[in-house]
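Coordinates as given in query.txt (compact mmCIF, C-alpha atoms):
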```txt
# COMPACT_ATOMS: atom_id res chain seq x y z
CA LYS A 1 19.51 0.98 -3.49
CA MET A 2 17.91 4.43 -3.50
CA ILE A 3 14.56 2.89 -4.43
CA ASP A 4 14.52 0.66 -1.33
CA GLU A 5 15.16 3.74 0.81
CA LYS A 6 12.09 5.42 -0.74
CA THR A 7 9.84 2.40 -0.18
CA LYS A 8 10.95 1.26 3.29
CA ASP A 9 8.11 3.19 5.00
CA LEU A 10 5.39 1.83 2.71
CA VAL A 11 3.04 -1.09 3.34
CA LEU A 12 0.33 -2.19 0.94
CA TYR A 13 -2.71 -3.82 2.51
CA GLN A 14 -4.35 -5.92 -0.18
CA TYR A 15 -6.22 -9.08 -1.20
CA GLU A 16 -4.71 -11.52 -3.66
CA ALA A 17 -7.67 -11.56 -6.05
CA CYS A 18 -8.87 -7.95 -5.80
CA PRO A 19 -8.69 -6.33 -9.27
CA PHE A 20 -7.75 -2.91 -7.85
CA CYS A 21 -4.98 -4.55 -5.80
CA VAL A 22 -3.74 -6.30 -8.94
CA LYS A 23 -3.60 -2.91 -10.67
CA VAL A 24 -1.46 -1.46 -7.87
CA ARG A 25 0.82 -4.52 -7.72
CA ARG A 26 1.30 -4.31 -11.49
CA GLU A 27 2.47 -0.70 -11.14
CA MET A 28 4.83 -1.75 -8.32
CA LYS A 29 6.23 -4.50 -10.51
CA ARG A 30 6.69 -2.14 -13.45
CA LYS A 31 8.72 0.19 -11.24
CA THR A 32 10.40 -2.76 -9.44
CA LEU A 33 9.30 -1.44 -6.06
CA ASN A 34 10.10 -3.42 -2.97
CA ILE A 35 6.96 -2.64 -0.94
CA ASN A 36 5.86 -4.83 1.95
CA LEU A 37 2.55 -6.57 1.11
CA LEU A 38 0.04 -7.59 3.75
CA ASP A 39 -2.95 -9.76 2.90
CA ALA A 40 -5.82 -8.24 4.89
CA LYS A 41 -7.99 -11.27 4.17
CA ARG A 42 -5.63 -13.96 5.47
CA ASN A 43 -3.73 -11.96 8.09
CA GLU A 44 -5.91 -11.13 11.12
CA GLN A 45 -3.47 -8.54 12.50
CA ALA A 46 -3.30 -6.74 9.15
CA LYS A 47 -7.10 -6.74 8.98
CA LYS A 48 -7.32 -5.31 12.49
CA ASP A 49 -4.68 -2.61 11.82
CA LEU A 50 -6.39 -1.59 8.61
CA GLN A 51 -9.73 -1.21 10.36
CA GLU A 52 -8.55 0.39 13.59
CA GLN A 53 -5.74 2.63 12.33
CA GLY A 54 -6.78 3.24 8.75
CA GLY A 55 -10.42 3.67 9.64
CA ARG A 56 -11.99 1.22 7.24
CA LEU A 57 -11.61 -2.29 5.94
CA GLN A 58 -11.00 -1.51 2.30
CA VAL A 59 -8.24 -2.60 -0.05
CA PRO A 60 -5.97 -1.70 -1.63
CA CYS A 61 -4.66 0.61 1.05
CA LEU A 62 -1.16 2.04 1.12
CA LYS A 63 0.10 2.96 4.55
CA LEU A 64 2.92 5.47 4.44
CA THR A 65 4.88 6.68 7.41
CA GLU A 66 6.48 10.10 7.12
CA ASN A 67 8.11 11.86 10.08
CA GLY A 68 6.46 9.40 12.46
CA GLN A 69 2.99 10.13 11.03
CA ASP A 70 0.93 7.46 9.30
CA ARG A 71 -1.11 8.27 6.22
CA TRP A 72 -3.53 5.80 4.64
CA LEU A 73 -4.27 6.01 0.91
CA TYR A 74 -7.34 4.01 -0.06
CA GLU A 75 -7.97 4.51 -3.79
CA SER A 76 -5.91 2.51 -6.30
CA SER A 77 -5.62 5.53 -8.59
CA GLU A 78 -4.37 7.68 -5.68
CA ILE A 79 -1.89 4.99 -4.67
CA ILE A 80 -0.54 4.69 -8.22
CA GLN A 81 -0.32 8.46 -8.57
CA PHE A 82 1.57 8.64 -5.26
CA LEU A 83 4.01 5.94 -6.39
CA GLN A 84 4.60 7.70 -9.71
CA GLN A 85 5.26 11.05 -8.02
CA ARG A 86 7.28 9.78 -5.09
CA ILE A 87 9.37 7.26 -6.96
CA ALA A 88 10.14 8.81 -10.32
```

Render the structure in this file as structure tokens.
Amino acid sequence: KMIDEKTKDLVLYQYEACPFCVKVRREMKRKTLNINLLDAKRNEQAKKDLQEQGGRLQVPCLKLTENGQDRWLYESSEIIQFLQQRIA
């Protein structure tokens, strides 16, 4: 389960109907990635975390934790590029 090891520190903040979120989820599905999804519209805590920690309420947003540091990727194209590079 090497792929699960690579995705365990990833969380995707998203909305169900957002076209850019759909694009990212499609890429995840194509690569069969097991990434935790949080709905920032329906989940108040996710919404709050996205705004306070990420800096803005915008989806999709991929939160990645590396060496105890959080990084927030906000653009769908950046997220997809990251997934393609990180999980080849």

As an NGL selection string, please: the residues near Ile79 of chain A (cut-off 12 Å, only C-alpha atoms, same-chain neighbours under 2 positions excluded). :A and (10-13 or 20-21 or 23-28 or 59-64 or 71-77 or 81-87)

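Distance check against Ile80 of chain A using all atoms listed in the file: of A:Ala40, A:Lys29, A:Leu50, A:Gln45, the minimum falls on A:Lys29.
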
What is the distance, in Å and to one decimal place, between atom CA of Glu78 of chain A and atom CA of Lys48 of chain A?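 These two atoms are separated by 22.5 Å.
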
Mind giving me the straight-line distance from atom CA of Thr7 of chain A to atom CA of Ile35 of chain A in Å, one decimal?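 Computing the Euclidean distance for atom CA of Thr7 of chain A and atom CA of Ile35 of chain A yields 5.9 Å.
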
Step by step, gather every atom of segment 12-17 of chain A that the file lists, find the box along x, y and z that holds them, add 8 Å on each side, and finally give centre and edge lengths in Å to one decimal, as lines of an AutoDock Vina configuration file.
```
center_x = -3.7
center_y = -6.9
center_z = -1.8
size_x = 24.0
size_y = 25.4
size_z = 24.6
```

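Distances here use only C-alpha atoms; by that measure, the residue among A:Gln58, A:Thr65, A:Asp70, A:Asp4 closest to Thr32 of chain A is A:Asp4.
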
Nearest to Lys8 of chain A, chosen from A:Asn34, A:Gly68, A:Lys47, A:Glu52, with all atoms listed in the file counted in the distances: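 Closest to Lys8 of chain A, using all atoms listed in the file: A:Asn34.
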
Interatomic distance, atom CA of Glu16 of chain A to atom CA of Asp39 of chain A (Å, one decimal):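 Going from atom CA of Glu16 of chain A over to atom CA of Asp39 of chain A covers 7.0 Å.
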
Given the choices A:Cys18, A:Gln69, A:Asn36, A:Lys41, which gets closest to Gln53 of chain A if the distance is worked out from only C-alpha atoms?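 Ranked by minimum distance to Gln53 of chain A, first place goes to A:Gln69.
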